[in-house]
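Taking it in order: structure first as structure tokens, then the write-up.
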Amino acid sequence: MTPVLDLRKLSAGYGPLRVLHEIDLAVAGGERVGLVGLNGHGKTTLLRSVMGLVDWRRGEIELDGKSILRTPAHRLARAGIVLMPQGDALFPGLSVRDNLDSGAFAAGWRERKKRRDRVLQLFPRLADRLDQAAGTLSGGERRMCSLGRGLMPDARIFLIDEPSLGLAPGVAAGLYSTLKELDLAGGTLILAEQNQTLLEGWIGKIVRIHGGRIVGIEPGGAPSDGGPAVDEGRRTGT
Amino acid sequence: MTDVVTTINLAAIYGLIGVGISLTWAGLGFLNLAHGVTFAAGLYGAWWAQENISDHPSVIFLGGIVVGAIAGTVVWLSVFVPLDGKPNWDTRSIVASLGLAIIGVNTYFLVFGPQRKAIEYLFGTTKFKLAGSTITADKSGAIISASVVMLLVVVALVRSRIGLGVRALTQNPEGAALVGIGRRQAAFAILAVSGALAGFAAVLLSQVFYPEPNIGYLPLLKGLIVALLGGLGSIPGAVIAAFMVGATEAVTAHYLDQSWVLLTQFGLIAIVLLVRPRGVAGILEASRA
Amino acid sequence: MREVLSFKKAGDASFYGGSLALALILFFVVYDNDVFGGQWVVFSLYASINLMWMLVIGTAGIYSFATVAVVGASAYLAALVSGGSIAGVDLEGARSLNVVLMLLAAAAFGAFLGVLIAAPTIRLRGVYFCLFTIGLAEVGRAIVKQHELLGKNSGLFGGARFLRVDQVATENGRTIQFFVGLALIVFCLVVYRLVDGGRLGLLLRTARESEGVAKGLGVDVVRARFAVFIISSTVLGLIGGFYTGSYGGVSLTIFDFNTLLLLLAMIVVGGLGSAKGAIIGTALVLYVDRTYADLDQPAWRFVAIGIIMYAVTIGTTRGLVGLPAQIRAYVQRRRARQVGGEGEPAPAPAELELPGL
């Protein structure tokens, strides 16, 4: 079966700096993959490479068997790949509502409202702040807004880059409990995370990256088709 | 009273030019110094339409708007497309637009000659009285049409999908790409529309500003003043700033002399920016806080 | 001090030595005539202005366009204090200073103007400062137009000159003028090197790159910028004095917006941020300007300059002077991309916390 996302001999970098060295990675549809490794070893670069947001790439990246190396980021976004980056990339002067809505440009306003309501159910904190400018939110709220925006479009592949970064442990844990419960409607998830314990029990496949190379792939302790999380005892309130 | 009418007239027109510059800076990160040449292009386009097609006002207007949009597209093709994403973008885009402006102005010289051209009265020659002073048709026509267009622009920015896209682009270019906004396409929209706005403003001013090679210099300067005073990227700021600039001009011309106008306008900027470096937008933000 | 004044790279010595040799040959051998003599005066003035401008825009990153205004105003002052008066009018008991005093007065006035301009505006953000300074030349022009004492539209003549009346348009006169111009350029080069290569230059560069970090390191950014502005204004004032001294007078053309554009084209073509760039850019643009100067239509001249400006900006990252470095970077990038190539290895990740990688 064709993998939904296939990286072959992918090298990437910035200017004279080469960060990824001939990565081979195939992800099947509906898989939940965790990308694990220390800072600076290429997790973010890998996710950004898929989106085409790095300086240069070499090798092959295929979506459903078709090369996307020449496709610019905004077209990939419309084609159903969503990146929720480090730093959130929110629109600070726009309201939370506008930020969320911007994630679903293509949808009509009725559909947009439906999806926004769904996101607000996942992140109730945002509902109180709908008209607030995104730049005035707290770190945790900004992260929720960024993730929420990523959940607005009709996406099939979700790339999430270190959602716990910069958050207090309690907030991070709350965020993850929401993520665990996410129904991605059969979509594929690649989640980069330094702290492997946060991935335990609900990620199907762990990919270890070190020095820009994949050094190991192991099962993650959850059914790799993204079935319900095994671990009930870790739930924490948001 | 004549002052008030003049103020509104000027404000509406400067606003059209200033908004274009403000959006280009905020959305694309470059100060479009070729905007004066775009303005002049609109003026020449209107004149050309008048000479070669028909002197019906709607044709003249269309000539100005279409040629203005084309000029905006030329800027997009020659400045944005080759330089976007390349190193040292900030400086290079400004300088490239300046080079383009120099080429443009002198091309006008070579093609059209240095003499001014004349454009017909667009709104007829009727006058009417209001509160004791006479208002000509062209002034009132200009005010009404410019205000309508400005309103349309604001509404489009706030309510339409493209408008949200442009606003998103001004706040976070990467975020915009991630939600599917193509930078190159957005840049084309911004530059072509501001070109059309400049062309429209040029036709409105055609009773006072005649098509000649250097005609774009002053509007560019006014547009820059309005954009900076308003706080780059802020449309409400630009609109308010346009009124301030228009008022300064009307009052100065009335009580002092036309030659002092630029001086007083610079003085205005200096004062406002010393108090609020973010311009009018900064004042608005402070009052909201 | 000696270290600062010495050539930074071997290439520099050959550049300056070669340029000097070229200038000498062109002036005394190839074009031993008045026309070239006149071009040299213009070149030396523009190159000197650009060297000072390079300090402000390049090293300090201050987008000031006050250069023309300062030079013009100082030239006017120099003409005034050394006995100049409106063309055709005899001023009874006109003051008359000798050339050296005139130069000093001009330089002092330049310093004064620098303080006047910088004091209220040095904290202004880049773009705003830029617009403000562009308007200054307009202000200068407006002021001159109003006052008879300043020559109104005709200009001032009769000020102190480097050449005696009988020396003008002679070979002797040309030689004197050559060395006067050369002295000015060398002086400006020395000033540039002292500032840019010294502690002030270092402070300014860090402040330009990252103001917050510089402040955190204890750099008084405002004072550093103020200092470089005053220094450059003083020398610009001096150049204004040299202008008057070379022509014996000054007129409104000095405030021409076209002059500002021409100067801008020069530093942009050369490349912001180096003395070599200022010299190369001035020479190249001036050459193009003069080549097209005699055509019937002056517009062609500006079209040519506009095209050069545009082409160099599109094609090069940092002007002509930066071309070698640009090519090197391109080659490195290609090497990193090659299949099997290693490129520059990323720094050992265990030691380095690169954010976002």
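By order of appearance in the structure tokens: chains A, B, ..., then residues from 1 within every chain, and ligands from 1 in the order shown.
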Which residues are close to Gly65 (chain A), i.e. within 12 Å by only C-alpha atoms, leaving aside same-chain residues fewer than 5 positions away? Reply as a ChimeraX atom specification. /A:1-8,26-28,60
Give me a file of those residues, with C-alpha atoms, as a compact mmCIF listing (two decimals), in the first residue's frame.
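Below you can see selection05.txt, which holds the result:
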```txt
# COMPACT_ATOMS: atom_id res chain seq x y z
CA MET A 1 0.00 0.00 0.00
CA THR A 2 1.34 3.43 -0.84
CA PRO A 3 2.39 5.32 2.21
CA VAL A 4 0.56 8.63 2.48
CA LEU A 5 3.86 10.43 3.11
CA ASP A 6 7.15 9.06 1.85
CA LEU A 7 10.54 10.66 2.48
CA ARG A 8 13.41 9.14 0.55
CA ALA A 26 7.45 6.19 5.22
CA VAL A 27 4.24 7.01 7.04
CA ALA A 28 1.03 5.16 6.37
CA GLU A 60 12.35 12.97 -2.55
```
Taking the DSSP assignment computed from this structure's backbone, write out as a ChimeraX atom specification all residues of region 15-84 of chain A that belong to alpha helix (DSSP H). /A:43-51,73-78
Pull C-alpha atoms from the residues just selected and write them as a compact mmCIF listing (two decimals), in the first residue's frame.
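Saved as again-v5.txt:
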```
# COMPACT_ATOMS: atom_id res chain seq x y z
CA LYS A 43 13.05 17.37 14.35
CA THR A 44 11.84 20.81 13.39
CA THR A 45 13.82 20.80 10.17
CA LEU A 46 12.20 17.54 9.16
CA LEU A 47 8.69 18.87 9.69
CA ARG A 48 9.52 22.12 7.96
CA SER A 49 11.13 20.24 5.08
CA VAL A 50 7.87 18.47 4.40
CA MET A 51 6.16 21.86 4.19
CA ALA A 73 3.93 25.75 1.35
CA HIS A 74 0.64 27.51 0.85
CA ARG A 75 -0.45 25.00 -1.80
CA LEU A 76 0.39 22.14 0.52
CA ALA A 77 -1.74 23.81 3.15
CA ARG A 78 -4.64 23.83 0.73
```
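Using only C-alpha atoms, the part of chain A that sits within 6 Å of chain C is made up of Gly15, Pro16, Leu17, Arg18, Val19, Gly40, Gly42, Thr44 and Thr45 of chain A.
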Could you produce a table of the residues of chain A lying within 12 Å of chain B, with the nearest pair of atoms per residue and their separation in Å rounded to one decimal, using only C-alpha atoms, ordered by chain and increasing residue number, as a Markdown table?
```
| residue | atom | partner | partner_atom | distance |
| --- | --- | --- | --- | --- |
| A:Gly15 | CA | B:Pro87 | CA | 11.2 |
| A:Arg48 | CA | B:Leu178 | CA | 10.7 |
| A:Met51 | CA | B:Leu178 | CA | 8.6 |
| A:Gly52 | CA | B:Ala177 | CA | 10.5 |
| A:Leu53 | CA | B:Glu174 | CA | 8.9 |
| A:Val54 | CA | B:Gly85 | CA | 11.5 |
| A:Asp55 | CA | B:Gly85 | CA | 9.9 |
| A:Thr71 | CA | B:Gly182 | CA | 11.3 |
| A:Pro72 | CA | B:Gly182 | CA | 8.3 |
| A:Ala73 | CA | B:Ala177 | CA | 6.0 |
| A:His74 | CA | B:Gly180 | CA | 4.0 |
| A:Arg75 | CA | B:Gly180 | CA | 6.1 |
| A:Leu76 | CA | B:Gly180 | CA | 7.5 |
| A:Ala77 | CA | B:Gly180 | CA | 5.0 |
| A:Arg78 | CA | B:Gly180 | CA | 5.4 |
| A:Ala79 | CA | B:Gly180 | CA | 8.9 |
| A:Gly80 | CA | B:Gly180 | CA | 9.7 |
| A:Ile81 | CA | B:Leu178 | CA | 8.9 |
| A:Val82 | CA | B:Leu178 | CA | 6.9 |
| A:Leu83 | CA | B:Leu178 | CA | 6.6 |
| A:Met84 | CA | B:Leu178 | CA | 8.2 |
| A:Pro85 | CA | B:Gly175 | CA | 8.9 |
| A:Gln86 | CA | B:Gly175 | CA | 11.1 |
| A:Gly87 | CA | B:Gly175 | CA | 10.0 |
| A:Asp88 | CA | B:Gly175 | CA | 8.0 |
| A:Ala89 | CA | B:Gly175 | CA | 4.7 |
| A:Leu90 | CA | B:Gly175 | CA | 6.0 |
| A:Phe91 | CA | B:Gln171 | CA | 5.1 |
| A:Pro92 | CA | B:Gln171 | CA | 6.5 |
| A:Gly93 | CA | B:Gln171 | CA | 6.7 |
| A:Leu94 | CA | B:Ala168 | CA | 7.7 |
| A:Ser95 | CA | B:Ala168 | CA | 10.9 |
| A:Arg97 | CA | B:Leu164 | CA | 11.7 |
| A:Asp98 | CA | B:Leu164 | CA | 8.0 |
| A:Asn99 | CA | B:Ala168 | CA | 8.3 |
| A:Leu100 | CA | B:Val179 | CA | 10.0 |
| A:Asp101 | CA | B:Leu164 | CA | 9.3 |
| A:Ser102 | CA | B:Val179 | CA | 6.6 |
| A:Gly103 | CA | B:Val179 | CA | 5.2 |
| A:Ala104 | CA | B:Val179 | CA | 7.5 |
| A:Phe105 | CA | B:Arg161 | CA | 6.9 |
| A:Ala106 | CA | B:Arg161 | CA | 8.9 |
| A:Ala107 | CA | B:Arg161 | CA | 10.3 |
| A:Gly108 | CA | B:Arg161 | CA | 10.2 |
| A:Trp109 | CA | B:Arg161 | CA | 10.3 |
| A:Gln132 | CA | B:Ala289 | CA | 12.0 |
| A:Ala133 | CA | B:Gln171 | CA | 11.7 |
| A:Ala134 | CA | B:Gln171 | CA | 10.8 |
| A:Gly135 | CA | B:Gln171 | CA | 10.2 |
| A:Thr136 | CA | B:Ala289 | CA | 11.2 |
| A:Ser146 | CA | B:Gly175 | CA | 9.5 |
| A:Arg149 | CA | B:Val179 | CA | 8.5 |
| A:Gly150 | CA | B:Val179 | CA | 8.2 |
| A:Leu151 | CA | B:Val179 | CA | 11.0 |
| A:Met152 | CA | B:Val179 | CA | 9.7 |
| A:Pro153 | CA | B:Val179 | CA | 8.5 |
| A:Asp154 | CA | B:Val179 | CA | 11.5 |
| A:Ala155 | CA | B:Val179 | CA | 11.0 |
| A:Phe158 | CA | B:Leu178 | CA | 11.8 |
| A:Leu159 | CA | B:Leu178 | CA | 11.1 |
```
Could you write those residues out with C-alpha atoms, as an mmCIF file, in the first residue's frame?
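Now in result_10.cif:
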```
data_model
loop_
_atom_site.group_PDB
_atom_site.id
_atom_site.type_symbol
_atom_site.label_atom_id
_atom_site.label_comp_id
_atom_site.auth_asym_id
_atom_site.auth_seq_id
_atom_site.Cartn_x
_atom_site.Cartn_y
_atom_site.Cartn_z
ATOM 1 C CA GLY A 15 22.804 27.905 3.379
ATOM 2 C CA ARG A 48 9.517 22.119 7.961
ATOM 3 C CA MET A 51 6.160 21.861 4.192
ATOM 4 C CA GLY A 52 8.928 23.296 2.043
ATOM 5 C CA LEU A 53 9.933 25.898 4.592
ATOM 6 C CA VAL A 54 13.665 25.245 4.622
ATOM 7 C CA ASP A 55 16.394 26.826 2.555
ATOM 8 C CA THR A 71 4.970 22.554 -4.305
ATOM 9 C CA PRO A 72 5.073 25.765 -2.257
ATOM 10 C CA ALA A 73 3.925 25.750 1.352
ATOM 11 C CA HIS A 74 0.639 27.508 0.846
ATOM 12 C CA ARG A 75 -0.449 24.996 -1.804
ATOM 13 C CA LEU A 76 0.389 22.137 0.517
ATOM 14 C CA ALA A 77 -1.739 23.809 3.151
ATOM 15 C CA ARG A 78 -4.638 23.831 0.726
ATOM 16 C CA ALA A 79 -3.888 20.248 -0.255
ATOM 17 C CA GLY A 80 -4.491 19.091 3.287
ATOM 18 C CA ILE A 81 -1.155 19.221 5.109
ATOM 19 C CA VAL A 82 -1.212 21.329 8.243
ATOM 20 C CA LEU A 83 1.848 22.444 10.197
ATOM 21 C CA MET A 84 1.474 23.717 13.738
ATOM 22 C CA PRO A 85 4.919 25.238 14.163
ATOM 23 C CA GLN A 86 7.122 26.164 17.053
ATOM 24 C CA GLY A 87 6.433 29.764 17.845
ATOM 25 C CA ASP A 88 2.789 29.352 16.902
ATOM 26 C CA ALA A 89 2.854 31.740 13.917
ATOM 27 C CA LEU A 90 -0.373 33.407 15.048
ATOM 28 C CA PHE A 91 -1.651 36.742 13.808
ATOM 29 C CA PRO A 92 -1.121 38.875 16.903
ATOM 30 C CA GLY A 93 -3.332 41.802 15.921
ATOM 31 C CA LEU A 94 -6.263 39.668 14.851
ATOM 32 C CA SER A 95 -8.823 38.311 17.273
ATOM 33 C CA ARG A 97 -11.899 34.194 16.241
ATOM 34 C CA ASP A 98 -10.176 35.592 13.169
ATOM 35 C CA ASN A 99 -7.112 33.503 13.867
ATOM 36 C CA LEU A 100 -9.167 30.336 14.062
ATOM 37 C CA ASP A 101 -11.219 31.270 11.031
ATOM 38 C CA SER A 102 -8.104 31.901 8.983
ATOM 39 C CA GLY A 103 -7.395 28.196 9.246
ATOM 40 C CA ALA A 104 -10.498 27.415 7.233
ATOM 41 C CA PHE A 105 -10.439 29.897 4.397
ATOM 42 C CA ALA A 106 -11.867 27.508 1.904
ATOM 43 C CA ALA A 107 -14.973 26.676 3.881
ATOM 44 C CA GLY A 108 -18.208 28.615 3.751
ATOM 45 C CA TRP A 109 -19.142 30.564 6.843
ATOM 46 C CA GLN A 132 -9.350 39.195 22.265
ATOM 47 C CA ALA A 133 -6.290 39.957 20.150
ATOM 48 C CA ALA A 134 -4.162 36.847 19.874
ATOM 49 C CA GLY A 135 -1.043 38.750 20.812
ATOM 50 C CA THR A 136 -2.405 39.336 24.310
ATOM 51 C CA SER A 146 -2.336 27.725 17.124
ATOM 52 C CA ARG A 149 -6.265 26.870 13.910
ATOM 53 C CA GLY A 150 -4.542 23.742 12.682
ATOM 54 C CA LEU A 151 -7.660 21.711 13.398
ATOM 55 C CA MET A 152 -9.912 24.015 11.398
ATOM 56 C CA PRO A 153 -9.208 22.917 7.826
ATOM 57 C CA ASP A 154 -10.193 19.631 6.267
ATOM 58 C CA ALA A 155 -6.696 18.277 6.680
ATOM 59 C CA PHE A 158 -1.089 16.976 10.851
ATOM 60 C CA LEU A 159 2.463 18.048 11.632
#
```
With a cut-off of 8 Å and counting only C-alpha atoms, select all residues of chain B in contact with chain C and give the selection as a count of residues only. 26
